[in-house]
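Worksheet for the structure shown next.
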Amino acid sequence: MSIVTNETFQRDIDALRSVIEVEPILVIDVETNGLEPYKNNQICGIGVGQTDYLGLTQYYPFRHHQGENLSSDKLTLLIDLLNKSVKSYVGYNLKFDLHFLDREGLDVLSKELIDVIVMVRLMEHSDTKDLALTPTGKRNYGEGAIQYDIDTKKVLRSNKWNKDFSMAPPTVLGEYCKKDVILTARLYLDYLKKIIKTKQGRVFELERQLTKVLYKMEKQGISIDTDYAQQIEKLITNRLSEVEQEIYKLSGKEFNVSSPAQIGEVFSGIGIESPVKTPKGQDSWSEAALVNINHRLAGLIRQYRTLEKLLSTYIEPYMGTEVMHTSFCNWGTSTGRLSSRSPNLQNIPRNHFNLKERSLSEDEKNEIRSKISATVSTKGMSLNQDLSDDVLKTWSFVGDESYDSTNINQVSIRRLFIPRKNYSLVGFDYSQMEVRVFMSYFRNKTIDEILNKGDVDFHSEAAKLAFGVDESSERFKEYRQAAKAITFGTIYGIGNNKLSQQLNTTPKEAGKYKKQYFEGMKGSKDFFDEVVRTVAIRGWIKNRYGRKYRINPDFAYKGVNYLVQGTSADLLSERMLKVDNYLEDKKSNILLQVHDEIICEVHDSELNEIPPNIQNLLQENSLGIPLEVDVEVCNPSWATKVPFELSIEEDKIDWTIDWS
DNA sequence: CCTGACTCA
DNA sequence: CATTTGAGTCAGG
């Protein structure tokens, strides 16, 4: 009997105390009334267990809407015991549970945190997407091991308790929670062995420490300018209905502009078919298709989609939110990158948007034409006709990174993100990180010369090496573009077909460019071939941090991408531990990570000292790759970036020096 | 190539 | 009828 009641509490907590005394490591899982610890959700009960899953498991119910809850003084007693005696917590997606427990007074930061889902990621096949507890249990131990989950979910649903688990009685939810604890413990022990056996101890240690750093970032959150959110919500809604009305007018009827099927009907009504097909052969109404339709309706639909997306993804979730807390997953990707959820703060638009259509000068039209062809070529499309003025005009809503806060017709999503009082947001951005890591895999004299040039344009250097041209050549820009496409194509593992689309040439021609590139970029071909050969033979490779990738030999080319992206990711994770350690006794904090950059809040009193030190910490690395980090101050918001400069305090200036 | 959020069907 | 699922689209790297 280990659904704890008021009557058995003393005996149960004594039993718990004695197992912690023997081994101060505890598996933990909380049940809650929702998924948002920083909004109104709370725990309704706490499950604990030994890592030996045949040992003790208990469920302490506190806030169920039916059945027997423990009195609140008992919650205090339990938390006190944990704070005093436990050294390590083990959990499945552990940060989630800890955010809730933190609010109940649990000491998190002085403990060792072990997230089993992170361990599972290190061992699973790279193609495995669903790492949730029950699918993982099923993969490892079969259907029987997770039957309890299926059964309980059925009960919860039939009673309509599935939206809010605290509606269920402790007898139902407690048993369920205990079984989750047991399954977590079993996975922990098994995966610990697997990680040791595959010699991934180092990368696991990195991930284990990273878990706490991410936890701190999530808890800190980032401040939102709620006034600005309200302001642009209104502006965008108004603009959206203007656009909507014009779409209805042009198409002669009202319809759901979000529905591709209905867009198809409207276009066929005015005798237009899409120049692009979906993989299934239907008419596509994607951006790449709409761009090629010389009709104002196409431009307005693009605009409508963008405005809708802004509202639903980037504005509504922020309304009335003073501080936004994301969740970083260090188990979400097959390469080892982080991902960010609810909300995703790693895909906030960089560019601003213009809400007012204006007539364009010839210069502006040409600017837009080149913007369109750039957009189109990166998506592998070609532009097959010139657009008339009324269509071109619909493009005036596309902005760039130069947000102007005084222009009331511009809106920027990054403008929502502001520093706390007495802080500045400072961005630290690796320049060409993945290219540098790629080159580091086949370092030789030629490559080292490029890597050590400092702030260099890699694509130009690659063009020079591969095609024997220099800046004086008339066609240098084309060659540079080709080199850039091949570098990224190789890193991403695209084929000649897709490469030829990006280069706007035939696959055969693309193959020729690629051959030239590999010959000029000494060592790159050997590296590429070696990766493909290894994956094809034995089905796995390891990156520079020892992270193992199990890859389907039919897609062996993916290996290069995994190595480059994964090594970059692990390198940044490793540096984040150093930065976190450095900031421990400071007022400043890391807030976000966006794959090749971190964003920190730096206290005014530390603004001269900290940015250069973080820059140095990020540039150092155990792989000896020459890395360049740009430091930019984001003031007054994330929308505006200015290169960092030391601010000189007047009393430190030596006025006796004659600068003339 | 690697993601996550939203919408429709 | 409510809920889940896959595809399509688009934001970031």
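Naming scheme: A, B, ... for chains in displayed order of the structure tokens; residues 1 onward per chain; ligands 1 onward as shown.
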
Once DSSP has gone over the backbone, tell me which residues of range 421-532 of chain A are in strand (DSSP E or B), as a PyMOL selection string. chain A and resi 423-430

Could you write out that same residue set with all heavy atoms as a JSON list (two decimals), in the first residue's frame?
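Generated file (out01.json):
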```json
[["chain", "number", "residue", "atom", "x", "y", "z"],
["A", 423, "TYR", "N", 18.71, 45.96, -16.92],
["A", 423, "TYR", "CA", 19.46, 44.97, -17.70],
["A", 423, "TYR", "C", 19.47, 45.37, -19.17],
["A", 423, "TYR", "O", 18.63, 46.15, -19.63],
["A", 423, "TYR", "CB", 18.81, 43.59, -17.58],
["A", 423, "TYR", "CG", 19.11, 42.86, -16.28],
["A", 423, "TYR", "CD1", 18.37, 43.14, -15.13],
["A", 423, "TYR", "CD2", 20.13, 41.92, -16.22],
["A", 423, "TYR", "CE1", 18.65, 42.48, -13.94],
["A", 423, "TYR", "CE2", 20.41, 41.25, -15.04],
["A", 423, "TYR", "CZ", 19.67, 41.54, -13.90],
["A", 423, "TYR", "OH", 19.94, 40.88, -12.74],
["A", 424, "SER", "N", 20.42, 44.78, -19.92],
["A", 424, "SER", "CA", 20.41, 44.86, -21.38],
["A", 424, "SER", "C", 20.43, 43.46, -21.94],
["A", 424, "SER", "O", 21.06, 42.57, -21.36],
["A", 424, "SER", "CB", 21.66, 45.59, -21.88],
["A", 424, "SER", "OG", 21.64, 46.94, -21.50],
["A", 425, "LEU", "N", 19.75, 43.27, -23.06],
["A", 425, "LEU", "CA", 19.88, 42.00, -23.78],
["A", 425, "LEU", "C", 21.14, 42.07, -24.63],
["A", 425, "LEU", "O", 21.37, 43.05, -25.33],
["A", 425, "LEU", "CB", 18.67, 41.77, -24.69],
["A", 425, "LEU", "CG", 17.31, 41.55, -24.02],
["A", 425, "LEU", "CD1", 16.22, 41.39, -25.08],
["A", 425, "LEU", "CD2", 17.35, 40.32, -23.12],
["A", 426, "VAL", "N", 21.97, 41.04, -24.53],
["A", 426, "VAL", "CA", 23.19, 41.00, -25.33],
["A", 426, "VAL", "C", 23.24, 39.68, -26.07],
["A", 426, "VAL", "O", 23.10, 38.62, -25.46],
["A", 426, "VAL", "CB", 24.45, 41.16, -24.44],
["A", 426, "VAL", "CG1", 25.71, 41.15, -25.31],
["A", 426, "VAL", "CG2", 24.38, 42.46, -23.63],
["A", 427, "GLY", "N", 23.43, 39.76, -27.39],
["A", 427, "GLY", "CA", 23.49, 38.56, -28.22],
["A", 427, "GLY", "C", 24.92, 38.19, -28.55],
["A", 427, "GLY", "O", 25.73, 39.06, -28.86],
["A", 428, "PHE", "N", 25.23, 36.90, -28.46],
["A", 428, "PHE", "CA", 26.57, 36.39, -28.81],
["A", 428, "PHE", "C", 26.37, 35.39, -29.94],
["A", 428, "PHE", "O", 25.78, 34.34, -29.74],
["A", 428, "PHE", "CB", 27.22, 35.71, -27.61],
["A", 428, "PHE", "CG", 27.38, 36.61, -26.42],
["A", 428, "PHE", "CD1", 26.34, 36.77, -25.52],
["A", 428, "PHE", "CD2", 28.56, 37.29, -26.21],
["A", 428, "PHE", "CE1", 26.47, 37.61, -24.41],
["A", 428, "PHE", "CE2", 28.71, 38.14, -25.12],
["A", 428, "PHE", "CZ", 27.67, 38.29, -24.22],
["A", 429, "ASP", "N", 26.90, 35.74, -31.09],
["A", 429, "ASP", "CA", 26.55, 35.02, -32.31],
["A", 429, "ASP", "C", 27.81, 34.46, -32.96],
["A", 429, "ASP", "O", 28.72, 35.20, -33.31],
["A", 429, "ASP", "CB", 25.85, 36.03, -33.25],
["A", 429, "ASP", "CG", 25.15, 35.34, -34.38],
["A", 429, "ASP", "OD1", 25.46, 34.17, -34.64],
["A", 429, "ASP", "OD2", 24.30, 35.99, -35.03],
["A", 430, "TYR", "N", 27.88, 33.12, -33.11],
["A", 430, "TYR", "CA", 29.02, 32.52, -33.81],
["A", 430, "TYR", "C", 28.91, 32.84, -35.29],
["A", 430, "TYR", "O", 27.84, 32.68, -35.89],
["A", 430, "TYR", "CB", 29.03, 31.00, -33.65],
["A", 430, "TYR", "CG", 29.53, 30.51, -32.32],
["A", 430, "TYR", "CD1", 28.64, 30.20, -31.30],
["A", 430, "TYR", "CD2", 30.89, 30.35, -32.09],
["A", 430, "TYR", "CE1", 29.09, 29.74, -30.08],
["A", 430, "TYR", "CE2", 31.36, 29.89, -30.87],
["A", 430, "TYR", "CZ", 30.45, 29.58, -29.87],
["A", 430, "TYR", "OH", 30.91, 29.12, -28.67]]
```

Determine, counting only C-alpha atoms (C1' of nucleotides), which protein, DNA and RNA residues have an atom within 9 Å of an atom of range 294-297 of chain A; residues of the same chain fewer than 4 positions away are not included. Present the result as an NGL selection string. :A and (246-247 or 250-251 or 267 or 290 or 301-302 or 385-388 or 390-394)

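Put simply, CA of Phe255 in chain A is 15.1 Å away from CA of Glu308 in chain A.
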
Which residues of chain A have any atom within 8 Å of an atom in chain B when counting only C-alpha atoms (C1' of nucleotides), and what is the closest pair of atoms for each, with the distance in Å to one decimal? Order the rows by chain and rising number and write it as a tab-separated table.
```
residue	atom	partner	partner_atom	distance
A:Ser258	CA	B:DT7	C1'	7.1
A:Ser259	CA	B:DC8	C1'	6.3
A:Lys309	CA	B:DC6	C1'	7.6
A:Ser312	CA	B:DC6	C1'	7.4
A:Thr313	CA	B:DA5	C1'	6.5
A:Thr333	CA	B:DC2	C1'	7.3
A:Thr335	CA	B:DC2	C1'	7.4
A:Ser339	CA	B:DT3	C1'	6.5
A:Ser340	CA	B:DG4	C1'	7.6
A:Arg341	CA	B:DG4	C1'	6.7
A:Asn344	CA	B:DG4	C1'	6.3
A:Ile491	CA	B:DC1	C1'	7.4
A:Tyr492	CA	B:DC1	C1'	3.9
A:Gly493	CA	B:DC1	C1'	6.0
A:Ile494	CA	B:DC1	C1'	7.2
A:Lys558	CA	B:DC1	C1'	7.5
A:Asn561	CA	B:DC1	C1'	6.4
```

Which is closest to chain C among A:Val560, A:Val411, A:Val48, A:Ile348, if we use only C-alpha atoms (C1' of nucleotides)? A:Ile348

Sorted by chain and rising residue number, which residues of chain C lie within 9 Å of chain A, and what are their closest atom pairs and distances in Å to one decimal, counting only C-alpha atoms (C1' of nucleotides), as a Markdown table?
```
| residue | atom | partner | partner_atom | distance |
| --- | --- | --- | --- | --- |
| C:DG8 | C1' | A:Ser286 | CA | 8.3 |
| C:DT9 | C1' | A:Ser286 | CA | 6.7 |
| C:DC10 | C1' | A:Lys309 | CA | 8.4 |
| C:DA11 | C1' | A:Asn347 | CA | 5.2 |
| C:DG12 | C1' | A:Asn347 | CA | 3.6 |
| C:DG13 | C1' | A:His595 | CA | 6.1 |
```

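In terms of minimum interatomic distance to Thr134 in chain A, A:Leu187 ranks closest within A:Leu187, A:Leu156, A:Ile418, A:Met439, counting only C-alpha atoms.
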
Just asking: which residues within range 10-110 of chain A are helix (DSSP H, G or I) according to DSSP, as a ChimeraX atom specification? /A:10-22,72-85,94-103
